[in-house]
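*Asks:* One structure follows; several queries about it will come next.
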Protein chains: 2
Amino acid sequence: MLRPRSTHVTIMDVARQSGFSPSTVSIVLNDAPLSRHVAAPTKQRIRETAKALGYHPNPSARSLRSRHSRTIGILVFDLSDPFCTLILLGIEKALDPTGYLPLIMDAHNDRKQLEGYLELLLERRVEGLIVVANWLFEEGGVLFEILKNTFPTIVVGRDLADDRIRSVVVDNEAGGYAALQHIYRLGHREIAFILGPEKLSDSNRRWQGMQRFAAEHSLAIDERRVRRLVEALDPFSGFTGGRELTEDLLRSRIKFSALLAFDDLTALGAVRALCHAGMNVPRDCSVVGFDDAPLAAFCTPGLTTIRQPLEDMGALATEWVLKAAQVGEEVDGSPSTTQMLSPSVVVRESTRETRS
Amino acid sequence: MLRPRSTHVTIMDVARQSGFSPSTVSIVLNDAPLSRHVAAPTKQRIRETAKALGYHPNPSARSLRSRHSRTIGILVFDLSDPFCTLILLGIEKALDPTGYLPLIMDAHNDRKQLEGYLELLLERRVEGLIVVANWLFEEGGVLFEILKNTFPTIVVGRDLADDRIRSVVVDNEAGGYAALQHIYRLGHREIAFILGPEKLSDSNRRWQGMQRFAAEHSLAIDERRVRRLVEALDPFSGFTGGRELTEDLLRSRIKFSALLAFDDLTALGAVRALCHAGMNVPRDCSVVGFDDAPLAAFCTPGLTTIRQPLEDMGALATEWVLKAAQVGEEVDGSPSTTQMLSPSVVVRESTRETRS
DNA sequence: TTGTAAGCGTTATCAT
DNA sequence: ATGATAACGCTTACAA
């Protein structure tokens with residue numbers, strides 16, 4: 001039984017009650033190496049009284065003495081973003097059995113806050129740091145610069161241009177390739193593209209994948225069907241961007257029977273524009289997103305998309321940080337500094353064969 | 001500058017470097033009452049060297065000595081649920097300026113985990129507890145039973161049947177009333193309902209609000225147009241439930257020109273069913289959701305819904321917990337144990353006037 | 001096989 | 001106006 005508030009029961013209480021010394025109690029309760037030499041009945045006795053008294057070690061005292069916090073800092077760029085949330089799920093599940101506690105901080109899409117929380121986490125003596133980034137996250141930052149290579153730090157979710165910093169991401173190139181392949185196989189040849197912001201390497205890699213597919217299949221990409229989102233800070237800018245660029249596409253009167261969007265939100269913006277123009281998805285135009293955010297499954301038509309294995313990405317990042325934290329300093333075992341997981345195509349209702 | 005890893009600079013370092021004693025340093029740096037008697041130049045000196053050395057107090061030592069953790073436990077029923085996430089936003093914003101740190105734990109819709117994490121948080125000596133619940137959260141639980149009235153605990157987001165436990169929720173009755181009012185004013189009279197699970201008091205209150213509106217306006221509610229979701233553990237059951245019940249409604253061949261759903265996900269399920277049946281929303285049938293989850297804005301047609309002020313709810317809960325934690329024990333100032341915030345109608349594209 | 005004692009970094013009480 | 005000193009609860013040499 002746990003006794004909230006009031007004074008907590010300490011190791012001394014257990015010692016007195018069981019008739020042994022605090023050290024013995026500590027050794028037994030922690031299964032410390034020396035506990036091998038403790039008589040079985042003694043252990044029994046101690047464990048019993050500990051449970052009976054409802055003893056739980058004071059974490060502050062423990063980490064003060066042992067000089068480790070058993071805590072990992074999780075810096076989430078936007079907790080309201082389902083993208084981040086799913087990565088977090090993987091992190092939590094990986095952390096759960098280890099006894100490490102996640103200290104989750106939400107930067108609310110604000111870079112200033114990000115730096116502030118980063119300091120806060122360091123002050124709280126976290127033993128490692130996982131940054132859960134979406135595409136609004138910007139690289140650089142003073143503190144961040146210092147951290148890498150001195151402190152177990154890893155970024156998940158965002159394809160960093162700076163490859164000196166460790167990260168776990170989806171294979172964006174493969175994702176772009178797969179997206180175009182899917183649409184190509186359905187017979188589409190007049191394909192529109194809404195790319196992500198210019199400087200975003202996630203977007204560039206996806207675009208590279210698409211271009212590779214096009215080249216391999218002698219598919220000409222007409223520049224007039226290509227649009228590009230502008231950089232933004234607003235988490236929902238993808239939607240309005242997708243919508244407006246699609247309207248622009250429509251106004252230009254160039255035909256297209258399919259549209260590949262930078263991500264799901266952009267795709268949903270495109271769907272909105274298409275429908276408002278009196279078109280039907282997928283009958284008049286197929287649409288493909290990227291990410292497989294939860295909304296992709298629940299809108300109508302269900303959105304065909306490229307799935308990022310977000311949970312796995314979170315888990316992978318966690319495993320590395322934990323290892324790095326335990327070894328002590330830098331673990332530079334792995335050959336590459338950025339790990340890539342494969343995406344997969346999730347076919348729903350927003351894509352269909354061309355009417356020939 | 002913050003020095004990650006390596007040995008941290010302690011108050012002793014600052015003391016030596018500045019030429020004063022640790023006590024004086026502590027007093028100055030904490031702006032303790034006694035610091036009023038400390039000479040200005042001394043303060044100056046101490047603050048400078050503290051900054052120069054990059055001193056940050058060790059939180060473990062501090063809470064060990066001062067006997068408080070400056071930490072609030074946040075038990076989220078499902079972090080992947082945007083509903084929970086928005087409440088969390090309000091909590092974080094309210095907590096941020098106070099210096100209290102949120103310890104966020106995600107139960108992943110699992111009641112066992114919930115209890116486990118609850119214990120964990122208590123062991124970590126949190127000073128208060130906020131439970132962020134969605135409609136899957138079940139009341140009761142041993143530990144929980146003990147907590148209420150002994151420990152600053154509050155539940156946000158879920159309308160508890162047990163009114164001995166403090167909570168912050170939306171005014172569900174008013175929400176139900178407003179939903180029906182909106183649809184009634186658009187001229188609809190043949191209205192279908194998909195209610196939440198039988199035992200869910202959120203659902204019952206909404207239903208009461210609808211019935212009150214109906215009574216006040218002599219609107220007959222035909223039982224044959226009413227369906228009810230079954231209880232479930234799956235976070236997405238609302239979608240499939242909404243879809244299947246709508247299909248059922250359609251099969252029954254009873255006409256309806258509008259549908260009020262228990263929540264947004266249910267509404268989206270209904271939209272899916274309607275569209276698959278060849279109907280157009282809102283032309284052939286208007287649909288209203290509840291919650292105003294992010295997806296409501298991004299699907300097409302945009303979903304008309306009843307907005308819960310989730311962020312405000314989180315903030316309100318936080319304020320209470322903080323106050324309760326600081327006062328010490330129970331703060332039973334407020335007359336009612338459950339605070340209700342007003343919902344609002346968000347009109348988007350899924351509702352329209354009846355074609356007369 | 002078990003107990004004693006020191007010390008982790010703070011803060012608070014008491015002297016000075 | 002500032003400094004000694006003890007104590008918070010725990011772990012870990014070292015002693016017995």
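Chain identifiers are assigned as A, B, and so on, following the order in which chains appear in the structure tokens; residues are numbered from 1 within each chain, and ligands are numbered from 1 in order of appearance.
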Within 12 Å of B:Ser203, counting only C-alpha atoms (C1' of nucleotides), which residues qualify if same-chain residues fewer than 5 places away don't, as an mmCIF file with N, CA and C atoms, in the first residue's frame?
*Replies:*
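Written output follows (result_6.cif):
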data_model
loop_
_atom_site.group_PDB
_atom_site.id
_atom_site.type_symbol
_atom_site.label_atom_id
_atom_site.label_comp_id
_atom_site.auth_asym_id
_atom_site.auth_seq_id
_atom_site.Cartn_x
_atom_site.Cartn_y
_atom_site.Cartn_z
ATOM 1 N N TRP B 135 -13.181 9.238 -23.177
ATOM 2 C CA TRP B 135 -14.383 8.479 -22.819
ATOM 3 C C TRP B 135 -14.126 6.999 -22.598
ATOM 4 N N ARG B 158 -13.631 14.087 -18.594
ATOM 5 C CA ARG B 158 -14.636 13.042 -18.534
ATOM 6 C C ARG B 158 -15.620 13.405 -17.433
ATOM 7 N N ASP B 159 -16.879 13.292 -17.785
ATOM 8 C CA ASP B 159 -17.955 13.611 -16.860
ATOM 9 C C ASP B 159 -18.169 12.416 -15.932
ATOM 10 N N LEU B 160 -17.605 12.471 -14.727
ATOM 11 C CA LEU B 160 -17.700 11.323 -13.833
ATOM 12 C C LEU B 160 -19.101 11.173 -13.251
ATOM 13 N N ALA B 161 -19.506 9.941 -13.085
ATOM 14 C CA ALA B 161 -20.776 9.696 -12.417
ATOM 15 C C ALA B 161 -20.589 9.925 -10.918
ATOM 16 N N VAL B 170 -16.670 19.707 -19.867
ATOM 17 C CA VAL B 170 -17.513 20.596 -20.635
ATOM 18 C C VAL B 170 -18.946 20.411 -20.140
ATOM 19 N N ASP B 171 -19.765 21.400 -20.330
ATOM 20 C CA ASP B 171 -21.179 21.274 -19.982
ATOM 21 C C ASP B 171 -21.866 20.458 -21.071
ATOM 22 N N ASN B 172 -21.909 19.163 -20.843
ATOM 23 C CA ASN B 172 -22.421 18.259 -21.867
ATOM 24 C C ASN B 172 -23.901 18.488 -22.177
ATOM 25 N N GLU B 173 -24.630 18.822 -21.147
ATOM 26 C CA GLU B 173 -26.063 19.047 -21.347
ATOM 27 C C GLU B 173 -26.259 20.219 -22.306
ATOM 28 N N ALA B 174 -25.551 21.288 -22.038
ATOM 29 C CA ALA B 174 -25.638 22.466 -22.900
ATOM 30 C C ALA B 174 -25.175 22.147 -24.322
ATOM 31 N N GLY B 175 -24.150 21.295 -24.408
ATOM 32 C CA GLY B 175 -23.637 20.911 -25.721
ATOM 33 C C GLY B 175 -24.668 20.154 -26.529
ATOM 34 N N GLY B 176 -25.318 19.216 -25.883
ATOM 35 C CA GLY B 176 -26.364 18.453 -26.558
ATOM 36 C C GLY B 176 -27.483 19.371 -27.017
ATOM 37 N N PHE B 193 -29.974 10.005 -34.349
ATOM 38 C CA PHE B 193 -29.024 10.194 -33.250
ATOM 39 C C PHE B 193 -28.159 8.954 -33.076
ATOM 40 N N ILE B 194 -26.886 9.168 -32.925
ATOM 41 C CA ILE B 194 -26.030 8.060 -32.489
ATOM 42 C C ILE B 194 -25.441 8.456 -31.148
ATOM 43 N N LEU B 195 -25.956 7.843 -30.109
ATOM 44 C CA LEU B 195 -25.529 8.199 -28.760
ATOM 45 C C LEU B 195 -24.290 7.414 -28.359
ATOM 46 N N GLY B 196 -23.658 7.868 -27.285
ATOM 47 C CA GLY B 196 -22.520 7.134 -26.742
ATOM 48 C C GLY B 196 -22.996 5.954 -25.919
ATOM 49 N N PRO B 197 -22.070 5.196 -25.388
ATOM 50 C CA PRO B 197 -22.407 4.014 -24.601
ATOM 51 C C PRO B 197 -23.351 4.340 -23.440
ATOM 52 N N GLU B 198 -24.168 3.395 -23.133
ATOM 53 C CA GLU B 198 -25.212 3.514 -22.123
ATOM 54 C C GLU B 198 -24.743 4.093 -20.796
ATOM 55 N N GLN B 208 -29.679 14.237 -22.576
ATOM 56 C CA GLN B 208 -30.634 15.016 -21.784
ATOM 57 C C GLN B 208 -30.816 16.405 -22.378
ATOM 58 N N GLY B 209 -29.694 17.014 -22.779
ATOM 59 C CA GLY B 209 -29.769 18.343 -23.373
ATOM 60 C C GLY B 209 -30.593 18.332 -24.651
ATOM 61 N N MET B 210 -30.397 17.304 -25.430
ATOM 62 C CA MET B 210 -31.155 17.187 -26.677
ATOM 63 C C MET B 210 -32.635 17.011 -26.382
ATOM 64 N N ARG B 228 -27.227 3.527 -30.505
ATOM 65 C CA ARG B 228 -26.328 3.705 -29.370
ATOM 66 C C ARG B 228 -25.039 2.912 -29.558
ATOM 67 N N LEU B 229 -23.899 3.546 -29.346
ATOM 68 C CA LEU B 229 -22.617 2.853 -29.417
ATOM 69 C C LEU B 229 -22.495 1.888 -28.251
ATOM 70 N N VAL B 230 -21.782 0.812 -28.474
ATOM 71 C CA VAL B 230 -21.525 -0.073 -27.348
ATOM 72 C C VAL B 230 -20.230 0.353 -26.682
ATOM 73 N N GLU B 231 -20.081 -0.022 -25.450
ATOM 74 C CA GLU B 231 -18.871 0.303 -24.721
ATOM 75 C C GLU B 231 -17.683 -0.376 -25.399
ATOM 76 N N LEU B 260 -27.051 13.491 -35.558
ATOM 77 C CA LEU B 260 -26.221 13.999 -34.470
ATOM 78 C C LEU B 260 -25.406 12.847 -33.887
ATOM 79 N N ALA B 261 -24.109 12.994 -33.927
ATOM 80 C CA ALA B 261 -23.253 11.904 -33.465
ATOM 81 C C ALA B 261 -22.701 12.187 -32.075
ATOM 82 N N PHE B 262 -22.351 11.131 -31.378
ATOM 83 C CA PHE B 262 -21.809 11.250 -30.028
ATOM 84 C C PHE B 262 -20.540 12.107 -29.991
ATOM 85 N N ASP B 263 -19.641 11.850 -30.930
ATOM 86 C CA ASP B 263 -18.427 12.666 -30.992
ATOM 87 C C ASP B 263 -17.929 12.760 -32.433
ATOM 88 N N PHE B 290 -19.012 16.140 -32.087
ATOM 89 C CA PHE B 290 -18.864 16.697 -30.743
ATOM 90 C C PHE B 290 -17.393 16.597 -30.372
#
*Asks:* Residues of chain D that have any atom at most 9 Å from an atom of chain A: could you tabulate them with the shortest-distance atom pair and the distance in Å to one decimal, using only C-alpha atoms (C1' of nucleotides), ordered by chain and increasing number, as CSV?
*Replies:*
residue,atom,partner,partner_atom,distance
D:DC8,C1',A:Ala61,CA,7.9
D:DG9,C1',A:Ala61,CA,5.0
D:DC10,C1',A:Arg62,CA,5.2
D:DT11,C1',A:Arg65,CA,6.4
D:DT12,C1',A:Ser23,CA,8.4
*Asks:* Would you mind exporting all heavy atoms of the selected residues as an mmCIF file, in the first residue's frame?
*Replies:*
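Writing done, so here's out_18.cif:
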data_model
loop_
_atom_site.group_PDB
_atom_site.id
_atom_site.type_symbol
_atom_site.label_atom_id
_atom_site.label_comp_id
_atom_site.auth_asym_id
_atom_site.auth_seq_id
_atom_site.Cartn_x
_atom_site.Cartn_y
_atom_site.Cartn_z
ATOM 1 P P DC D 8 16.693 14.117 9.435
ATOM 2 O OP1 DC D 8 15.716 13.920 10.505
ATOM 3 O OP2 DC D 8 17.828 13.186 9.285
ATOM 4 O "O5'" DC D 8 15.943 14.128 8.042
ATOM 5 C "C5'" DC D 8 15.317 15.253 7.467
ATOM 6 C "C4'" DC D 8 15.447 15.177 5.966
ATOM 7 O "O4'" DC D 8 16.689 15.803 5.579
ATOM 8 C "C3'" DC D 8 15.566 13.752 5.434
ATOM 9 O "O3'" DC D 8 14.266 13.282 5.074
ATOM 10 C "C2'" DC D 8 16.473 13.887 4.206
ATOM 11 C "C1'" DC D 8 17.099 15.276 4.353
ATOM 12 N N1 DC D 8 18.591 15.323 4.358
ATOM 13 C C2 DC D 8 19.269 16.178 3.480
ATOM 14 O O2 DC D 8 18.606 16.864 2.698
ATOM 15 N N3 DC D 8 20.635 16.206 3.516
ATOM 16 C C4 DC D 8 21.301 15.441 4.377
ATOM 17 N N4 DC D 8 22.636 15.517 4.368
ATOM 18 C C5 DC D 8 20.624 14.576 5.281
ATOM 19 C C6 DC D 8 19.291 14.544 5.235
ATOM 20 P P DG D 9 13.747 11.858 5.602
ATOM 21 O OP1 DG D 9 12.305 11.805 5.352
ATOM 22 O OP2 DG D 9 14.287 11.611 6.950
ATOM 23 O "O5'" DG D 9 14.469 10.852 4.606
ATOM 24 C "C5'" DG D 9 14.106 10.875 3.237
ATOM 25 C "C4'" DG D 9 15.036 9.992 2.465
ATOM 26 O "O4'" DG D 9 16.377 10.525 2.567
ATOM 27 C "C3'" DG D 9 15.116 8.547 2.966
ATOM 28 O "O3'" DG D 9 14.895 7.721 1.846
ATOM 29 C "C2'" DG D 9 16.517 8.435 3.555
ATOM 30 C "C1'" DG D 9 17.284 9.462 2.735
ATOM 31 N N9 DG D 9 18.453 10.032 3.387
ATOM 32 C C8 DG D 9 18.604 10.334 4.719
ATOM 33 N N7 DG D 9 19.775 10.868 5.006
ATOM 34 C C5 DG D 9 20.436 10.922 3.773
ATOM 35 C C6 DG D 9 21.734 11.399 3.450
ATOM 36 O O6 DG D 9 22.581 11.880 4.208
ATOM 37 N N1 DG D 9 21.998 11.274 2.088
ATOM 38 C C2 DG D 9 21.120 10.753 1.171
ATOM 39 N N2 DG D 9 21.553 10.712 -0.086
ATOM 40 N N3 DG D 9 19.908 10.307 1.453
ATOM 41 C C4 DG D 9 19.629 10.421 2.771
ATOM 42 P P DC D 10 15.072 6.168 1.893
ATOM 43 O OP1 DC D 10 14.114 5.564 0.956
ATOM 44 O OP2 DC D 10 15.122 5.714 3.289
ATOM 45 O "O5'" DC D 10 16.505 6.001 1.237
ATOM 46 C "C5'" DC D 10 16.647 6.324 -0.139
ATOM 47 C "C4'" DC D 10 18.100 6.366 -0.504
ATOM 48 O "O4'" DC D 10 18.796 7.149 0.476
ATOM 49 C "C3'" DC D 10 18.801 5.010 -0.510
ATOM 50 O "O3'" DC D 10 18.917 4.587 -1.866
ATOM 51 C "C2'" DC D 10 20.168 5.274 0.110
ATOM 52 C "C1'" DC D 10 20.137 6.745 0.477
ATOM 53 N N1 DC D 10 20.684 7.066 1.821
ATOM 54 C C2 DC D 10 21.973 7.575 1.935
ATOM 55 O O2 DC D 10 22.657 7.714 0.917
ATOM 56 N N3 DC D 10 22.454 7.889 3.163
ATOM 57 C C4 DC D 10 21.686 7.727 4.236
ATOM 58 N N4 DC D 10 22.202 8.069 5.427
ATOM 59 C C5 DC D 10 20.362 7.220 4.147
ATOM 60 C C6 DC D 10 19.909 6.892 2.929
ATOM 61 P P DT D 11 19.443 3.096 -2.152
ATOM 62 O OP1 DT D 11 19.038 2.747 -3.520
ATOM 63 O OP2 DT D 11 19.088 2.249 -0.994
ATOM 64 O "O5'" DT D 11 21.023 3.312 -2.134
ATOM 65 C "C5'" DT D 11 21.627 3.946 -3.238
ATOM 66 C "C4'" DT D 11 23.108 4.064 -3.026
ATOM 67 O "O4'" DT D 11 23.384 4.597 -1.710
ATOM 68 C "C3'" DT D 11 23.895 2.761 -3.136
ATOM 69 O "O3'" DT D 11 25.020 3.057 -3.939
ATOM 70 C "C2'" DT D 11 24.289 2.441 -1.692
ATOM 71 C "C1'" DT D 11 24.412 3.843 -1.109
ATOM 72 N N1 DT D 11 24.202 4.024 0.368
ATOM 73 C C2 DT D 11 25.154 4.707 1.080
ATOM 74 O O2 DT D 11 26.163 5.155 0.599
ATOM 75 N N3 DT D 11 24.863 4.859 2.424
ATOM 76 C C4 DT D 11 23.742 4.405 3.094
ATOM 77 O O4 DT D 11 23.603 4.619 4.289
ATOM 78 C C5 DT D 11 22.787 3.692 2.281
ATOM 79 C C7 DT D 11 21.551 3.150 2.912
ATOM 80 C C6 DT D 11 23.055 3.528 0.962
ATOM 81 P P DT D 12 25.839 1.851 -4.599
ATOM 82 O OP1 DT D 12 26.108 2.276 -5.975
ATOM 83 O OP2 DT D 12 25.127 0.598 -4.309
ATOM 84 O "O5'" DT D 12 27.209 1.846 -3.793
ATOM 85 C "C5'" DT D 12 27.887 3.080 -3.570
ATOM 86 C "C4'" DT D 12 28.989 2.876 -2.564
ATOM 87 O "O4'" DT D 12 28.476 3.033 -1.223
ATOM 88 C "C3'" DT D 12 29.640 1.487 -2.599
ATOM 89 O "O3'" DT D 12 31.016 1.658 -2.332
ATOM 90 C "C2'" DT D 12 28.959 0.765 -1.454
ATOM 91 C "C1'" DT D 12 28.863 1.917 -0.456
ATOM 92 N N1 DT D 12 27.869 1.773 0.636
ATOM 93 C C2 DT D 12 28.061 2.485 1.797
ATOM 94 O O2 DT D 12 28.992 3.227 1.978
ATOM 95 N N3 DT D 12 27.089 2.291 2.743
ATOM 96 C C4 DT D 12 25.984 1.457 2.644
ATOM 97 O O4 DT D 12 25.190 1.365 3.558
ATOM 98 C C5 DT D 12 25.853 0.748 1.399
ATOM 99 C C7 DT D 12 24.701 -0.187 1.194
ATOM 100 C C6 DT D 12 26.791 0.927 0.466
#
*Asks:* Rounded to one decimal in Å, what is the spacing between atom CA of B:Leu268 and atom CA of A:Ala296?
*Replies:*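 It comes out at 11.6 Å.
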*Asks:* What's the 10 Å shell around C:DT1, counting only C-alpha atoms (C1' of nucleotides), without same-chain residues fewer than 2 positions away, as a list in words?
*Replies:*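 With the cut-off at 10 Å, the set is His37, Val38, Ala39 and Thr42 of chain A.
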*Asks:* Suppose we keep all heavy atoms; can you now write the selection as an mmCIF file, in the first residue's frame?
*Replies:*
data_model
loop_
_atom_site.group_PDB
_atom_site.id
_atom_site.type_symbol
_atom_site.label_atom_id
_atom_site.label_comp_id
_atom_site.auth_asym_id
_atom_site.auth_seq_id
_atom_site.Cartn_x
_atom_site.Cartn_y
_atom_site.Cartn_z
ATOM 1 N N HIS A 37 25.670 -12.559 -0.389
ATOM 2 C CA HIS A 37 26.173 -13.069 0.887
ATOM 3 C C HIS A 37 25.203 -12.879 2.037
ATOM 4 O O HIS A 37 25.554 -13.106 3.191
ATOM 5 C CB HIS A 37 27.494 -12.373 1.225
ATOM 6 C CG HIS A 37 28.476 -12.393 0.108
ATOM 7 N ND1 HIS A 37 29.000 -13.557 -0.412
ATOM 8 C CD2 HIS A 37 29.010 -11.396 -0.643
ATOM 9 C CE1 HIS A 37 29.820 -13.285 -1.397
ATOM 10 N NE2 HIS A 37 29.844 -11.969 -1.572
ATOM 11 N N VAL A 38 24.011 -12.414 1.718
ATOM 12 C CA VAL A 38 23.037 -12.209 2.793
ATOM 13 C C VAL A 38 22.194 -13.463 2.975
ATOM 14 O O VAL A 38 21.747 -14.063 1.999
ATOM 15 C CB VAL A 38 22.126 -11.008 2.479
ATOM 16 C CG1 VAL A 38 21.029 -10.873 3.517
ATOM 17 C CG2 VAL A 38 22.948 -9.731 2.393
ATOM 18 N N ALA A 39 22.012 -13.851 4.198
ATOM 19 C CA ALA A 39 21.261 -15.067 4.498
ATOM 20 C C ALA A 39 19.840 -14.969 3.964
ATOM 21 O O ALA A 39 19.206 -13.907 4.038
ATOM 22 C CB ALA A 39 21.228 -15.298 6.000
ATOM 23 N N THR A 42 17.096 -13.600 6.165
ATOM 24 C CA THR A 42 17.249 -12.158 6.342
ATOM 25 C C THR A 42 16.564 -11.416 5.191
ATOM 26 O O THR A 42 15.771 -10.491 5.410
ATOM 27 C CB THR A 42 18.738 -11.775 6.358
ATOM 28 O OG1 THR A 42 19.394 -12.542 7.361
ATOM 29 C CG2 THR A 42 18.895 -10.299 6.651
#
*Asks:* Find the residues of chain C in contact range of chain B, meaning any atom within 10 Å when counting only C-alpha atoms (C1' of nucleotides), and list them as a PyMOL selection string.
*Replies:* chain C and resi 8-12
*Asks:* Can I get the selection written as a PDB file, in the first residue's frame, with N, CA and C atoms (P, O5', C5', C4', C3', O3' and C1' of nucleotides)?
*Replies:*
ATOM      1  P    DC C   8      30.844  14.500  -0.968  1.00  0.00           P
ATOM      2  O5'  DC C   8      29.719  14.507  -2.089  1.00  0.00           O
ATOM      3  C5'  DC C   8      29.535  13.419  -2.994  1.00  0.00           C
ATOM      4  C4'  DC C   8      28.067  13.349  -3.357  1.00  0.00           C
ATOM      5  C3'  DC C   8      27.404  14.716  -3.444  1.00  0.00           C
ATOM      6  O3'  DC C   8      27.475  15.186  -4.800  1.00  0.00           O
ATOM      7  C1'  DC C   8      26.026  13.098  -2.274  1.00  0.00           C
ATOM      8  P    DG C   9      28.116  16.606  -5.102  1.00  0.00           P
ATOM      9  O5'  DG C   9      26.918  17.576  -4.718  1.00  0.00           O
ATOM     10  C5'  DG C   9      25.747  17.523  -5.513  1.00  0.00           C
ATOM     11  C4'  DG C   9      24.684  18.376  -4.871  1.00  0.00           C
ATOM     12  C3'  DG C   9      25.073  19.848  -4.685  1.00  0.00           C
ATOM     13  O3'  DG C   9      24.004  20.609  -5.192  1.00  0.00           O
ATOM     14  C1'  DG C   9      24.299  18.950  -2.658  1.00  0.00           C
ATOM     15  P    DT C  10      24.015  22.190  -5.271  1.00  0.00           P
ATOM     16  O5'  DT C  10      22.673  22.542  -4.522  1.00  0.00           O
ATOM     17  C5'  DT C  10      22.620  22.346  -3.191  1.00  0.00           C
ATOM     18  C4'  DT C  10      21.222  22.093  -2.717  1.00  0.00           C
ATOM     19  C3'  DT C  10      20.688  23.326  -2.026  1.00  0.00           C
ATOM     20  O3'  DT C  10      19.404  23.667  -2.510  1.00  0.00           O
ATOM     21  C1'  DT C  10      21.015  21.487  -0.479  1.00  0.00           C
ATOM     22  P    DT C  11      18.923  25.146  -2.070  1.00  0.00           P
ATOM     23  O5'  DT C  11      18.450  24.924  -0.559  1.00  0.00           O
ATOM     24  C5'  DT C  11      17.305  24.124  -0.305  1.00  0.00           C
ATOM     25  C4'  DT C  11      17.072  24.042   1.183  1.00  0.00           C
ATOM     26  C3'  DT C  11      16.755  25.377   1.856  1.00  0.00           C
ATOM     27  O3'  DT C  11      15.692  25.110   2.765  1.00  0.00           O
ATOM     28  C1'  DT C  11      18.583  24.372   2.932  1.00  0.00           C
ATOM     29  P    DA C  12      14.782  26.229   3.361  1.00  0.00           P
ATOM     30  O5'  DA C  12      15.014  26.075   4.926  1.00  0.00           O
ATOM     31  C5'  DA C  12      14.963  24.782   5.526  1.00  0.00           C
ATOM     32  C4'  DA C  12      15.468  24.882   6.953  1.00  0.00           C
ATOM     33  C3'  DA C  12      15.114  26.190   7.657  1.00  0.00           C
ATOM     34  O3'  DA C  12      14.893  25.890   9.031  1.00  0.00           O
ATOM     35  C1'  DA C  12      17.444  25.972   7.548  1.00  0.00           C
TER      36       DA C  12
END
